[in-house]
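Asker: Structure file start_35.cif, mmCIF, C-alpha atoms and all ligand atoms, is pasted below:
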data_query
loop_
_atom_site.label_atom_id
_atom_site.label_comp_id
_atom_site.auth_asym_id
_atom_site.auth_seq_id
_atom_site.Cartn_x
_atom_site.Cartn_y
_atom_site.Cartn_z
CA MET A 1 65.35 27.76 121.94
CA GLU A 2 68.97 26.98 121.26
CA ALA A 3 68.03 25.77 117.78
CA LYS A 4 66.15 29.01 117.25
CA ILE A 5 69.23 31.04 118.19
CA LYS A 6 71.42 29.00 115.90
CA ALA A 7 69.01 29.56 112.99
CA LEU A 8 68.84 33.28 113.78
CA ARG A 9 72.64 33.50 113.83
CA GLU A 10 72.88 31.94 110.38
CA GLN A 11 70.10 34.18 109.14
CA MET A 12 71.96 37.18 110.58
CA GLU A 13 75.20 36.32 108.73
CA ALA A 14 73.28 35.92 105.48
CA ALA A 15 71.54 39.27 106.06
CA LEU A 16 74.86 40.97 106.81
CA ALA A 17 76.43 39.53 103.68
CA SER A 18 73.81 41.27 101.53
CA VAL A 19 74.05 44.64 103.25
CA GLN A 20 75.21 47.18 100.66
CA SER A 21 74.32 50.58 102.03
CA LYS A 22 74.14 52.42 105.31
CA GLU A 23 70.42 52.39 104.96
CA GLU A 24 70.35 48.61 104.73
CA LEU A 25 72.73 48.43 107.68
CA ALA A 26 70.36 50.59 109.73
CA ASN A 27 67.51 48.24 108.77
CA PHE A 28 69.61 45.31 109.92
CA TRP A 29 70.15 46.98 113.26
CA GLN A 30 66.44 47.60 113.67
CA SER A 31 65.46 44.05 112.88
CA TYR A 32 68.05 42.35 115.09
CA LEU A 33 69.17 44.78 117.77
CA GLY A 34 66.22 47.22 117.88
CA LYS A 35 63.58 47.34 120.62
CA LYS A 36 61.26 45.22 118.55
CA GLY A 37 64.04 43.22 116.95
CA SER A 38 64.61 39.46 116.95
CA ILE A 39 67.04 39.49 119.90
CA ALA A 40 64.59 41.47 122.05
CA GLY A 41 62.05 38.84 120.99
CA LEU A 42 64.37 36.07 122.25
CA MET A 43 64.67 37.87 125.60
CA LYS A 44 60.92 38.01 125.91
CA GLY A 45 60.76 34.28 125.11
CA LEU A 46 62.95 33.59 128.18
CA GLY A 47 59.76 33.65 130.31
CA SER A 48 58.66 30.35 128.86
CA VAL A 49 62.01 28.66 129.48
CA ALA A 50 62.34 26.40 132.51
CA LYS A 51 63.53 28.41 135.49
CA GLU A 52 66.79 26.49 135.98
CA ASP A 53 67.72 26.86 132.32
CA ARG A 54 67.06 30.61 132.22
CA PRO A 55 70.49 31.92 133.38
CA ALA A 56 72.37 29.77 130.86
CA MET A 57 69.93 30.64 128.10
CA GLY A 58 70.09 34.35 129.03
CA LYS A 59 73.87 34.15 128.77
CA ILE A 60 73.66 32.63 125.29
CA ILE A 61 71.23 35.31 124.13
CA ASN A 62 73.48 38.03 125.54
CA GLU A 63 76.50 36.61 123.79
CA PHE A 64 74.51 36.52 120.58
CA LYS A 65 73.52 40.13 121.12
CA GLN A 66 77.13 41.19 121.69
CA GLN A 67 78.20 39.29 118.65
CA ALA A 68 75.50 40.89 116.51
CA ASP A 69 76.47 44.32 117.79
CA ALA A 70 80.17 43.68 117.13
CA ARG A 71 79.38 42.61 113.57
CA TYR A 72 77.24 45.69 113.12
CA GLN A 73 80.04 48.01 114.39
CA GLU A 74 82.58 46.24 112.25
CA ILE A 75 80.57 46.66 109.05
CA ARG A 76 79.74 50.25 109.87
CA ALA A 77 83.42 51.09 110.39
CA LYS A 78 84.25 49.46 107.07
CA MET A 79 81.52 51.47 105.35
CA ASP A 80 82.72 54.72 106.93
CA GLU A 81 86.20 53.97 105.73
CA LEU A 82 85.03 53.30 102.17
CA GLU A 83 82.90 56.41 102.20
CA LEU A 84 85.80 58.58 103.34
CA ALA A 85 88.09 57.09 100.71
CA ALA A 86 85.50 57.79 98.00
CA ARG A 87 85.08 61.35 99.21
CA ASN A 88 88.83 61.94 99.32
CA LYS A 89 89.08 60.65 95.80
CA SER A 90 86.30 62.81 94.43
CA GLU A 91 87.61 65.92 96.16
CA GLN A 92 91.18 65.37 95.13
CA VAL A 93 92.93 68.47 93.78
CA ASP A 94 95.01 68.00 90.67
CA ILE A 95 97.73 70.57 91.15
CA THR A 96 98.99 70.01 87.62
CA MET A 97 95.71 71.25 86.11
CA PRO A 98 95.84 74.67 84.40
CA ALA A 99 94.35 77.34 86.68
CA VAL A 100 91.12 79.16 85.86
CA ARG A 101 92.21 82.43 84.24
CA ARG A 102 90.95 85.52 85.99
CA ASP A 103 91.25 88.58 83.79
CA ALA A 104 92.86 91.48 85.55
CA GLY A 105 92.08 95.01 84.46
CA ALA A 106 94.45 96.90 82.22
CA LEU A 107 95.24 100.52 81.53
CA HIS A 108 93.37 102.36 78.78
CA PRO A 109 95.57 103.32 75.80
CA ILE A 110 95.06 107.02 76.54
CA THR A 111 96.28 106.44 80.09
CA ILE A 112 99.25 104.42 78.83
CA ILE A 113 100.33 107.23 76.48
CA ARG A 114 99.68 109.93 79.07
CA ASN A 115 101.82 108.03 81.61
CA GLU A 116 104.60 107.61 79.04
CA MET A 117 104.52 111.33 78.29
CA VAL A 118 104.48 112.27 81.97
CA ASP A 119 107.44 109.92 82.57
CA VAL A 120 109.53 111.55 79.86
CA PHE A 121 108.77 115.11 80.95
CA SER A 122 109.12 114.49 84.65
CA SER A 123 112.56 112.99 84.04
CA MET A 124 113.39 116.42 82.56
CA GLY A 125 112.22 118.13 85.73
CA PHE A 126 108.66 119.10 84.78
CA GLU A 127 106.07 119.20 87.56
CA ILE A 128 102.39 118.36 87.18
CA PHE A 129 100.02 121.27 87.72
CA GLU A 130 96.34 120.68 86.95
CA GLY A 131 93.74 123.28 86.03
CA PRO A 132 89.94 123.03 86.30
CA GLU A 133 87.81 121.52 83.54
CA ILE A 134 85.19 124.24 83.97
CA GLU A 135 87.09 127.41 83.31
CA ASP A 136 86.31 131.10 83.13
CA ASP A 137 86.63 133.10 79.96
CA ASP A 138 89.53 135.01 81.46
CA HIS A 139 91.80 131.99 81.89
CA ASN A 140 90.65 130.07 78.83
CA PHE A 141 90.82 133.03 76.42
CA THR A 142 91.32 136.64 77.48
CA ARG A 143 94.57 136.46 79.44
CA LEU A 144 95.96 134.08 76.82
CA ASN A 145 95.75 137.06 74.48
CA VAL A 146 92.46 135.98 72.95
CA ALA A 147 90.27 139.03 73.56
CA LYS A 148 86.49 138.96 73.17
CA ASN A 149 85.62 139.13 69.47
CA HIS A 150 89.15 138.00 68.63
CA PRO A 151 88.88 135.89 65.46
CA ALA A 152 91.00 133.19 67.14
CA ARG A 153 87.98 132.30 69.27
CA ASP A 154 86.56 130.74 66.13
CA MET A 155 89.53 128.33 66.00
CA GLN A 156 87.85 126.37 68.78
CA ASP A 157 84.13 125.62 68.98
CA THR A 158 83.37 126.33 72.59
CA PHE A 159 80.79 124.80 74.96
CA TYR A 160 79.45 127.59 77.16
CA VAL A 161 78.27 126.84 80.70
CA ALA A 162 77.29 130.47 81.34
CA ASP A 163 78.12 133.82 79.73
CA ASP A 164 81.69 133.88 80.98
CA ILE A 165 82.15 130.25 81.95
CA VAL A 166 83.22 127.54 79.49
CA LEU A 167 84.20 123.90 79.42
CA ARG A 168 87.89 124.51 78.79
CA THR A 169 88.73 124.23 75.10
CA HIS A 170 92.40 123.53 75.84
CA THR A 171 94.73 123.01 78.80
CA SER A 172 96.45 126.37 78.13
CA GLY A 173 94.46 128.08 80.90
CA ALA A 174 96.61 126.15 83.37
CA GLN A 175 99.56 128.26 82.16
CA ILE A 176 97.86 131.40 83.50
CA ARG A 177 97.00 129.71 86.81
CA ARG A 178 100.58 128.49 87.23
CA MET A 179 102.09 131.89 86.43
CA ASP A 180 99.65 133.50 88.88
CA THR A 181 101.22 131.50 91.73
CA GLY A 182 104.27 133.78 91.30
CA LYS A 183 106.74 130.95 91.89
CA MET A 184 109.77 131.02 89.60
CA PRO A 185 111.20 129.38 87.60
CA ILE A 186 108.35 127.45 85.97
CA LYS A 187 108.56 123.98 84.47
CA MET A 188 104.96 122.85 84.33
CA LEU A 189 103.19 119.90 82.77
CA SER A 190 99.39 119.97 82.74
CA PRO A 191 97.51 116.94 81.42
CA GLY A 192 93.72 116.87 81.33
CA ARG A 193 90.37 116.64 79.59
CA VAL A 194 89.29 119.36 77.18
CA PHE A 195 86.03 119.97 75.34
CA ARG A 196 85.08 121.22 71.88
CA SER A 197 81.94 121.03 69.82
CA ASP A 198 83.60 118.99 67.11
CA SER A 199 83.17 115.38 66.05
CA ASP A 200 84.51 113.25 63.19
CA ALA A 201 86.97 110.35 62.65
CA THR A 202 89.83 112.27 64.30
CA HIS A 203 87.91 114.68 66.57
CA SER A 204 85.86 113.99 69.66
CA PRO A 205 83.92 116.54 71.76
CA VAL A 206 85.87 115.34 74.79
CA PHE A 207 89.56 114.66 74.42
CA HIS A 208 92.85 115.04 76.27
CA GLN A 209 95.75 117.43 76.04
CA MET A 210 99.10 117.83 77.71
CA GLU A 211 100.22 121.39 78.22
CA GLY A 212 103.83 122.35 78.84
CA LEU A 213 105.20 125.66 80.07
CA VAL A 214 108.73 126.72 80.89
CA VAL A 215 109.46 130.25 82.13
CA ASP A 216 112.88 131.38 83.30
CA ARG A 217 115.64 133.78 82.34
CA ASN A 218 117.02 133.41 78.79
CA ILE A 219 114.57 130.82 77.53
CA THR A 220 114.43 130.71 73.73
CA LEU A 221 112.82 128.79 70.90
CA CYS A 222 115.99 126.66 70.75
CA ASP A 223 115.21 125.35 74.23
CA LEU A 224 111.77 124.28 73.02
CA GLN A 225 113.27 122.58 69.99
CA GLY A 226 115.96 120.76 71.97
CA MET A 227 113.51 119.55 74.57
CA LEU A 228 110.93 118.38 72.03
CA ASP A 229 113.64 116.60 70.08
CA GLU A 230 114.47 114.59 73.18
CA PHE A 231 110.77 114.01 73.90
CA VAL A 232 109.91 112.55 70.48
CA LYS A 233 113.01 110.35 70.48
CA ARG A 234 111.97 108.90 73.83
CA LEU A 235 108.35 108.44 72.72
CA PHE A 236 108.69 107.27 69.11
CA GLY A 237 112.26 105.95 68.86
CA GLY A 238 115.86 107.13 68.61
CA ASP A 239 116.03 107.93 64.92
CA VAL A 240 112.90 110.09 64.72
CA LYS A 241 113.68 113.71 63.76
CA THR A 242 111.70 116.88 64.47
CA ARG A 243 111.07 119.94 62.35
CA LEU A 244 109.38 123.22 63.23
CA ARG A 245 106.98 124.96 60.86
CA PRO A 246 105.81 128.53 61.37
CA SER A 247 102.24 128.71 62.62
CA TYR A 248 99.93 130.96 64.56
CA PHE A 249 98.60 130.85 68.12
CA PRO A 250 97.53 134.04 69.92
CA PHE A 251 99.48 133.11 73.07
CA THR A 252 102.86 132.45 71.45
CA GLU A 253 105.13 134.57 69.26
CA PRO A 254 106.68 133.10 67.26
CA SER A 255 104.38 130.09 67.04
CA VAL A 256 105.35 126.74 65.61
CA GLU A 257 103.81 123.49 64.59
CA VAL A 258 106.07 120.53 65.32
CA ASP A 259 106.37 117.61 62.91
CA VAL A 260 108.20 114.35 63.45
CA SER A 261 109.74 112.32 60.65
CA CYS A 262 107.36 109.47 59.89
CA PHE A 263 108.20 106.59 62.24
CA GLU A 264 106.28 104.19 59.99
CA CYS A 265 108.21 104.69 56.73
CA GLY A 266 111.26 106.55 58.04
CA GLY A 267 110.44 109.61 55.92
CA LYS A 268 110.05 108.02 52.49
CA GLY A 269 106.31 108.65 52.39
CA CYS A 270 103.44 106.30 53.28
CA GLY A 271 99.76 106.20 54.18
CA LEU A 272 100.34 107.32 57.76
CA CYS A 273 102.21 110.51 56.77
CA LYS A 274 100.07 110.94 53.63
CA GLY A 275 103.15 110.71 51.45
CA THR A 276 104.90 113.71 53.02
CA GLY A 277 107.35 111.85 55.25
CA TRP A 278 106.33 114.08 58.21
CA ILE A 279 103.61 113.88 60.86
CA GLU A 280 102.32 116.86 62.84
CA VAL A 281 102.35 116.14 66.57
CA LEU A 282 101.94 119.37 68.50
CA GLY A 283 101.77 123.16 68.62
CA GLY A 284 103.95 125.49 70.63
CA GLY A 285 106.06 128.59 70.63
CA VAL A 286 107.64 131.34 72.65
CA VAL A 287 105.22 132.68 75.27
CA HIS A 288 103.76 135.98 74.03
CA GLN A 289 105.01 138.97 75.98
CA LYS A 290 101.43 140.07 76.56
CA VAL A 291 100.63 136.74 78.23
CA LEU A 292 103.60 137.17 80.61
CA GLU A 293 102.46 140.72 81.38
CA ASN A 294 98.89 139.51 81.97
CA CYS A 295 100.33 137.38 84.76
CA GLY A 296 102.54 140.09 86.25
CA ILE A 297 105.78 138.65 84.85
CA ASP A 298 108.28 141.16 83.44
CA PRO A 299 109.08 140.12 79.85
CA LYS A 300 112.36 142.05 80.03
CA VAL A 301 113.57 139.67 82.76
CA TYR A 302 111.80 136.44 81.91
CA SER A 303 110.91 134.55 78.78
CA GLY A 304 109.36 131.17 78.18
CA PHE A 305 108.12 128.55 75.82
CA ALA A 306 104.89 126.59 75.80
CA PHE A 307 103.43 123.68 73.94
CA GLY A 308 100.21 121.69 73.72
CA ILE A 309 99.98 118.05 72.69
CA GLY A 310 96.83 116.10 71.82
CA ILE A 311 97.08 112.82 73.73
CA GLU A 312 94.56 110.96 71.52
CA ARG A 313 96.49 112.05 68.44
CA ILE A 314 99.72 110.58 69.83
CA ALA A 315 97.91 107.36 70.85
CA MET A 316 96.33 107.03 67.40
CA LEU A 317 99.69 107.59 65.68
CA LYS A 318 101.60 105.25 67.93
CA TYR A 319 99.06 102.41 67.84
CA GLY A 320 97.81 102.92 64.27
CA ILE A 321 94.23 103.66 65.37
CA ASN A 322 92.21 105.17 62.51
CA ASN A 323 89.07 106.25 64.32
CA ILE A 324 89.08 108.28 67.54
CA SER A 325 85.73 106.84 68.67
CA LEU A 326 87.42 103.45 69.23
CA LEU A 327 89.11 105.09 72.19
CA TYR A 328 85.78 105.84 73.90
CA GLU A 329 83.56 102.87 73.05
CA ASN A 330 85.27 100.62 75.59
CA ASP A 331 84.90 97.56 73.41
CA LEU A 332 86.89 94.90 75.26
CA ARG A 333 88.07 93.34 71.98
CA PHE A 334 89.79 96.66 71.28
CA LEU A 335 91.01 97.40 74.81
CA LYS A 336 92.48 93.93 75.36
CA GLN A 337 95.05 94.60 72.64
CA PHE A 338 96.79 97.09 74.92
CA LYS A 339 97.46 94.68 77.76
CA ASP A 340 101.11 94.09 78.33
N1 LIG A 401 96.12 125.35 72.99
C1 LIG A 401 96.45 124.97 71.65
C2 LIG A 401 95.32 124.12 71.08
O1 LIG A 401 94.49 123.71 71.80
C3 LIG A 401 97.71 124.15 71.63
C4 LIG A 401 98.89 125.00 71.98
C5 LIG A 401 99.57 125.66 71.02
C6 LIG A 401 99.28 125.11 73.28
C7 LIG A 401 100.64 126.45 71.31
C8 LIG A 401 100.36 125.90 73.60
C9 LIG A 401 101.02 126.55 72.61
O2 LIG A 401 100.80 126.04 74.83
O3 LIG A 401 102.10 127.32 72.92
O4 LIG A 401 95.29 123.90 69.92
#
Could the structure of this file be written out as structure tokens, please?

Answerer:
Amino acid sequence: MEAKIKALREQMEAALASVQSKEELANFWQSYLGKKGSIAGLMKGLGSVAKEDRPAMGKIINEFKQQADARYQEIRAKMDELELAARNKSEQVDITMPAVRRDAGALHPITIIRNEMVDVFSSMGFEIFEGPEIEDDDHNFTRLNVAKNHPARDMQDTFYVADDIVLRTHTSGAQIRRMDTGKMPIKMLSPGRVFRSDSDATHSPVFHQMEGLVVDRNITLCDLQGMLDEFVKRLFGGDVKTRLRPSYFPFTEPSVEVDVSCFECGGKGCGLCKGTGWIEVLGGGVVHQKVLENCGIDPKVYSGFAFGIGIERIAMLKYGINNISLLYENDLRFLKQFKD
């Protein structure tokens, strides 16, 4: 029996030396230390050993068992250690690697320009006052001195919601709503969406305007000119000049169209200003006395100026965009150019 144990011990060392995986180690355990393993077999064989030799033999088998178990534990610990090291290595974080770029959203060019315009005007003391997009005929036309059958109604192709209800064709209706509040003086800025049945490279059926209205004592056209001068300098650059041209709007008298000296060529003449050196940016004028009266404001005491700016037009000029539809298609290749 002793010879058998010795042989088994050598066999065990050889088996352990070839163990490569946890699976093989588990097999080793089964075949030596398991219930039906070789050591259990030795124990069973004790029955045929002479009675007086049994305790000594039992002791030897037990020692062998402990030794086998110790070797098993030792190799398992080593394997666990190697496994952990391998895992640590494979999961290692290289903090010098460039991070995965996550694209954040950005503002739409129309929003950027609108915000810039709001910033300039609010620094001059203008307050935002918004009107509804679905407007009645009264606010959109009649009280702005555009009576029914007035030819000026043809200046804007109107979407009708009902007989007397329209999708507002301009933000000017907000002027009436602001004056109706009765609070004086007025320094109002009204940005918003407007709608006209019109569509080509520079016109879209839905677009944005920014309305301005100032009403107080002794307001004149000079105040409009001075304020717009400051506005265009802040928006387009310090050396841009303004000029007023006579025009016609039913709600202002006199009415003006405002040009800025071409910020692309400095006034020499180029493609952007079509060779004229000037670019039209907005319409405005002195608020018509009838409009003040329509809102219960005494034109002998108060006077005012108003203006309306197309936000898309300013965005297209400033960014050199040649087709208005680019602003609505939401093509990311286009929009990404406005990220700062
Ligand atoms: N509402 C005009 C338009 O849509 C723009 C405009 C012109 C607004 C003169 C005004 C103004 O307030 O005084 O074309």

Asker: Report, in Å with one decimal, the straight-line distance from atom O4 of ligand LIG 401 (chain A) to CA of Phe231 (chain A).

Answerer: 18.8 Å

Asker: Select the residues contacting ligand LIG 401 (chain A) at a distance of at most 9 Å, based on all atoms listed in the file, then format the selection as a ChimeraX atom specification.

Answerer: /A:155-156,169-173,175,194,209-213,248-253,255-257,282-288,305-310

Asker: Counting all atoms listed in the file, which residue out of A:Ala104, A:Met79, A:Ile95, A:Leu167 sits closest to Lys336 (chain A)?

Answerer: A:Ala104

Asker: Quick one: pull the distance between CA of Phe141 (chain A) and CA of Pro185 (chain A), Å, one decimal.

Answerer: 23.5 Å

Asker: Residues near Gly271 (chain A), anyone? I mean within 12 Å using all atoms listed in the file, not counting same-chain ones fewer than 5 positions away, as a PyMOL selection string.

Answerer: chain A and resi 262-265+276-279+317+320+322

Asker: Just checking: using all atoms listed in the file, which residue out of A:Asp198, A:Leu46, A:Ala147, A:Phe28 ends up closest to Ile60 (chain A)?

Answerer: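 Nearest candidate to Ile60 (chain A) out of A:Asp198, A:Leu46, A:Ala147, A:Phe28: A:Leu46.
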
Asker: Between CA of Lys290 (chain A) and CA of Leu144 (chain A), what is the distance in Å, rounded to a tenth?

Answerer: 8.1 Å

Asker: Show me, as a ChimeraX atom specification, the residues that have an atom within 8 Å of region 116-122 of chain A when counting only C-alpha atoms, minus same-chain residues fewer than 3 positions from it.

Answerer: /A:112-113,125-127,189,231,234-235

Asker: Near Met316 (chain A), counting all atoms listed in the file, which residues have an atom at most 10 Å away, once you skip same-chain residues fewer than 2 positions from it, shown as a list in words?

Answerer: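 Answer for this query is Pro109, Ile110, Ile113, Thr202, Ile311, Glu312, Arg313, Ile314, Lys318, Tyr319, Gly320, Ile321, Asn322, Asn323, Ile324, Leu326 and Leu327 of chain A.
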
Asker: Mind listing whatever residues come within 10 Å of the point (91.7, 122.6, 88.5)? Use only C-alpha atoms, file coordinates, and give them as an NGL selection string.

Answerer: :A and (129-135 or 173-174 or 177 or 190 or 192)

Asker: So that I can see what lies close to region 215-230 of chain A, please list as a PyMOL selection string the residues with an atom at most 6 Å from it, counting only C-alpha atoms and leaving out residues fewer than 5 positions away in the same chain.

Answerer: chain A and resi 185-186+242+302-304

Asker: Mind checking which residues fall within 8 Å of region 41-44 of chain A, counting only C-alpha atoms, ignoring those fewer than 4 positions away in the same chain, and posting them as a PyMOL selection string?

Answerer: chain A and resi 36-37+58+61
